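Undergrad: Let me begin by handing over the structure; questions about it come next.
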Amino acid sequence: MRKVAVIMGSDSDLPVMQKAIDVLKEYDIPFEAHVYSAHRTPEIAREFALNAREKGFGAIIAGAGKAAHLAGALAANTTLPVIGVPIKSNTLDGLDALLSTVQMPSGIPVATVAIDGASNAALLAVQILAVEDADLAEKLSNARKKASLSVLEKDKLLSEKK
Ligand code: RP5
């Protein structure tokens, strides 16, 4: 199975990005996590993206806050799917990172999830790998069924309260 990369711009992003790591572990997806910055280590980030496909990666998740150029900078150097996670910082509630991540120019896409939406980023990466993996697709489908049952259970509890 191909690996997923979880790249974050700073170790201060880890509390959010840990949610992506947890989902990948839940689905037994091989992954690597790294702190590489578009601004502080631009050459290392570039090299990583340039070599990611031949190193066995199938998708890259990139989380960054503030002027969040990490996902876009990685996407510029690979044709692997790149999923961007805008991270909320203490100034503009994450709107800065959201716009910096989502507003990519035509030709270099970044699939951007919600502010701090690291678990959805990982689920999207799992779904990408599941295109060619029926067992993984079944695991995803079972998780959706479990989530539906949990909503129905909440509905039942609410009805019983009336
Ligand atoms: C971004 O700047 C990082 O992704 C992080 O969200 C933010 C702040 O980084 P630190 O100053 O905490 O290292 O590049």
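Chains: A, B, ... in order of the structure tokens. Residues: from 1 per chain. Ligands: from 1, in order shown.
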Counting only C-alpha atoms, what is within 8 Å of segment 42-51 of chain A, bar same-chain residues fewer than 2 positions away, as a ChimeraX atom specification?

TA: /A:36-40,53-55,73-75,77-78

Undergrad: Quick one: residues within 6 Å of segment 87-89 of chain A, only C-alpha atoms, excluding same-chain residues fewer than 4 positions away - as a CSV table (one decimal) with all heavy atoms, in the first residue's frame?

TA:
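In the end it all went to out_36.csv:
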chain,number,residue,atom,x,y,z
A,64,ALA,N,-0.7,24.0,7.9
A,64,ALA,CA,0.1,25.2,8.3
A,64,ALA,C,-0.8,26.3,8.6
A,64,ALA,O,-2.0,26.3,8.2
A,64,ALA,CB,1.0,25.6,7.1
A,65,GLY,N,-0.3,27.2,9.5
A,65,GLY,CA,-1.1,28.4,9.9
A,65,GLY,C,-0.5,29.6,9.3
A,65,GLY,O,0.5,29.7,8.6
A,93,ASP,N,-8.2,33.9,13.5
A,93,ASP,CA,-9.1,32.8,13.6
A,93,ASP,C,-8.9,31.7,12.5
A,93,ASP,O,-9.9,31.0,12.2
A,93,ASP,CB,-10.5,33.2,13.6
A,93,ASP,CG,-11.0,33.7,15.0
A,93,ASP,OD1,-10.2,33.3,16.0
A,93,ASP,OD2,-12.0,34.3,15.1
A,94,GLY,N,-7.8,31.7,11.8
A,94,GLY,CA,-7.6,30.7,10.8
A,94,GLY,C,-8.0,31.2,9.4
A,94,GLY,O,-7.7,30.5,8.4
A,115,ILE,N,-10.9,24.7,8.4
A,115,ILE,CA,-9.9,25.1,9.4
A,115,ILE,C,-9.8,24.1,10.5
A,115,ILE,O,-10.8,23.7,11.1
A,115,ILE,CB,-10.3,26.5,9.9
A,115,ILE,CG1,-10.3,27.6,8.8
A,115,ILE,CG2,-9.4,26.9,11.1
A,115,ILE,CD1,-11.0,28.9,9.2
A,116,ASP,N,-8.6,23.6,10.7
A,116,ASP,CA,-8.3,22.6,11.7
A,116,ASP,C,-8.9,21.2,11.4
A,116,ASP,O,-9.0,20.4,12.2
A,116,ASP,CB,-8.7,23.0,13.1
A,116,ASP,CG,-7.8,24.1,13.7
A,116,ASP,OD1,-6.8,24.4,13.1
A,116,ASP,OD2,-8.2,24.6,14.8

Undergrad: May I ask for the distance between atom CA of Lys139 of chain A and atom CA of Phe57 of chain A, given in Å to one decimal place?

TA: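 Atom CA of Phe57 of chain A lies at a distance of 20.5 Å from atom CA of Lys139 of chain A.
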
Undergrad: What separation in Å, quoted to one decimal, exists between atom CA of Asp28 of chain A and atom CA of Pro86 of chain A?

TA: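 Distance reported for this atom pair: 24.7 Å.
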
Undergrad: Please measure the separation of atom CA of Asn120 of chain A and atom CA of Thr41 of chain A, giving the value in Å to one decimal.

TA: 26.4 Å

Undergrad: Could you please write out, as number ranges by chain, every residue of chain A that DSSP assigns to alpha helix (DSSP H)?

TA: A: 14-26, 42-51, 70-75, 95-102, 118-130, 134-161

Undergrad: So, counting only C-alpha atoms, which residue among A:Val23, A:Leu95, A:Val16, A:Val82 is closest to Val110 of chain A?

TA: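 Counting only C-alpha atoms, the residue closest to Val110 of chain A is A:Val82.
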
Undergrad: Could you check the closest approach to ligand 1 for each of A:Pro105, A:Gly58, A:Pro30, A:Pro15 and tell me which residue wins, using only C-alpha atoms and all ligand atoms?

TA: A:Pro15

Undergrad: Could you tell me which of A:Lys19, A:Lys25, A:Lys66, A:His34 comes closest to ligand 1 if we count only C-alpha atoms and all ligand atoms?

TA: A:Lys66

Undergrad: Would you write out, as a Markdown table, a table of all residues in segment 10-114 of chain A that have an atom no more than 12 Å from an atom of segment 140-144 of chain A, listing for each the closest atom pair and the distance in Å to one decimal, considering only C-alpha atoms and ordering rows by chain and rising residue number?

TA:
| residue | atom | partner | partner_atom | distance |
| --- | --- | --- | --- | --- |
| A:Val23 | CA | A:Leu140 | CA | 11.2 |
| A:Leu24 | CA | A:Leu140 | CA | 11.9 |
| A:Glu26 | CA | A:Leu140 | CA | 10.8 |
| A:Tyr27 | CA | A:Leu140 | CA | 8.6 |

Undergrad: Pick out the closest residue to ligand 1 from this set: A:Lys154, A:Met1, A:Ile83, A:Thr91. Count only C-alpha atoms and all ligand atoms.

TA: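 With only C-alpha atoms and all ligand atoms as the atom set, the closest residue is A:Thr91.
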
Undergrad: For ligand 1, which residue out of A:Ala76, A:Ser100, A:Ile108, A:Ala59 is the nearest one, using only C-alpha atoms and all ligand atoms?

TA: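 Smallest separation from ligand 1 among the options: A:Ser100.
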
Undergrad: Using only C-alpha atoms, which of A:Leu92, A:Pro109, A:Leu98, A:Leu158 sits nearest Thr79 of chain A?

TA: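 Checking each candidate against Thr79 of chain A, we get A:Pro109 as the closest.
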
Undergrad: Give me the residues near Leu14 of chain A as a compact mmCIF listing (two decimals) with N, CA, C and O atoms, in the first residue's frame, where near means some atom within 12 Å (using only C-alpha atoms) and where sequence neighbours in that chain fewer than 2 positions away do not count.

TA:
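This is the output file around34.txt:
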# COMPACT_ATOMS: atom_id res chain seq x y z
N VAL A 6 2.31 13.23 6.28
CA VAL A 6 1.67 14.28 7.09
C VAL A 6 2.76 15.32 7.37
O VAL A 6 3.66 15.08 8.17
N ILE A 7 2.67 16.45 6.68
CA ILE A 7 3.69 17.48 6.81
C ILE A 7 3.07 18.68 7.53
O ILE A 7 1.94 19.08 7.21
N MET A 8 3.80 19.22 8.48
CA MET A 8 3.29 20.41 9.18
C MET A 8 4.39 21.48 9.21
O MET A 8 5.59 21.16 9.27
N GLY A 9 3.95 22.74 9.18
CA GLY A 9 4.90 23.84 9.08
C GLY A 9 5.70 24.09 10.34
O GLY A 9 6.78 24.68 10.29
N SER A 10 5.16 23.63 11.48
CA SER A 10 5.83 23.86 12.77
C SER A 10 5.37 22.78 13.74
O SER A 10 4.27 22.23 13.57
N ASP A 11 6.18 22.53 14.76
CA ASP A 11 5.71 21.56 15.76
C ASP A 11 4.52 22.13 16.54
O ASP A 11 3.77 21.38 17.17
N SER A 12 4.31 23.45 16.46
CA SER A 12 3.13 24.02 17.12
C SER A 12 1.83 23.60 16.42
O SER A 12 0.75 23.78 16.97
N VAL A 16 -3.16 19.86 16.26
CA VAL A 16 -4.19 19.70 15.22
C VAL A 16 -3.84 18.52 14.31
O VAL A 16 -4.67 17.65 14.04
N MET A 17 -2.60 18.45 13.85
CA MET A 17 -2.23 17.42 12.87
C MET A 17 -2.24 16.01 13.46
O MET A 17 -2.32 15.03 12.73
N GLN A 18 -2.17 15.93 14.80
CA GLN A 18 -2.25 14.62 15.45
C GLN A 18 -3.57 13.91 15.09
O GLN A 18 -3.62 12.68 15.01
N LYS A 19 -4.61 14.71 14.85
CA LYS A 19 -5.91 14.11 14.50
C LYS A 19 -5.81 13.36 13.17
O LYS A 19 -6.46 12.33 12.98
N ALA A 20 -4.99 13.86 12.26
CA ALA A 20 -4.78 13.15 10.97
C ALA A 20 -4.00 11.87 11.22
O ALA A 20 -4.34 10.80 10.69
N ILE A 21 -2.98 11.97 12.06
CA ILE A 21 -2.16 10.79 12.37
C ILE A 21 -3.04 9.71 13.02
O ILE A 21 -2.94 8.53 12.67
N ASP A 22 -3.92 10.12 13.92
CA ASP A 22 -4.79 9.15 14.60
C ASP A 22 -5.69 8.41 13.60
O ASP A 22 -5.89 7.20 13.72
N ALA A 33 5.43 11.37 9.28
CA ALA A 33 5.09 12.73 9.69
C ALA A 33 6.39 13.54 9.78
O ALA A 33 7.40 13.03 10.26
N HIS A 34 6.34 14.77 9.27
CA HIS A 34 7.53 15.63 9.28
C HIS A 34 7.15 17.07 9.56
O HIS A 34 6.05 17.51 9.22
N VAL A 35 8.09 17.82 10.15
CA VAL A 35 7.97 19.27 10.24
C VAL A 35 8.87 19.85 9.14
O VAL A 35 10.10 19.75 9.23
N ALA A 62 -0.87 18.45 4.19
CA ALA A 62 0.01 19.54 4.61
C ALA A 62 -0.76 20.54 5.45
O ALA A 62 -1.74 21.13 4.99
N GLY A 63 -0.35 20.70 6.71
CA GLY A 63 -1.03 21.64 7.60
C GLY A 63 -0.11 22.80 7.96
O GLY A 63 1.06 22.60 8.29
N ALA A 64 -0.66 24.00 7.86
CA ALA A 64 0.12 25.18 8.25
C ALA A 64 -0.84 26.30 8.65
O ALA A 64 -1.99 26.34 8.22
N GLY A 65 -0.31 27.21 9.46
CA GLY A 65 -1.10 28.35 9.88
C GLY A 65 -0.53 29.65 9.32
O GLY A 65 0.47 29.66 8.62
N VAL A 85 -4.49 21.56 5.13
CA VAL A 85 -5.21 21.80 6.38
C VAL A 85 -4.85 23.21 6.87
O VAL A 85 -3.73 23.43 7.35
N ILE A 87 -4.55 25.94 9.48
CA ILE A 87 -4.53 25.84 10.94
C ILE A 87 -4.79 27.20 11.58
O ILE A 87 -4.21 28.22 11.18
N ASP A 116 -8.56 23.65 10.72
CA ASP A 116 -8.27 22.60 11.73
C ASP A 116 -8.89 21.25 11.38
O ASP A 116 -9.02 20.38 12.25
N ALA A 118 -8.09 18.39 10.29
CA ALA A 118 -7.07 17.37 10.00
C ALA A 118 -7.64 15.96 9.89
O ALA A 118 -7.14 15.15 9.10

Undergrad: Taking the DSSP secondary structure from the backbone, can you list the residues of chain A that are strand (DSSP E or B), as a PyMOL selection string?

TA: chain A and resi 3-8+31-35+57-65+82-87+111-112

Undergrad: Can you pull out every residue within 9 Å of Ala67 of chain A, counting only C-alpha atoms, but drop anything in the same chain fewer than 4 positions away, and send it as a PyMOL selection string?

TA: chain A and resi 96-97+99-101
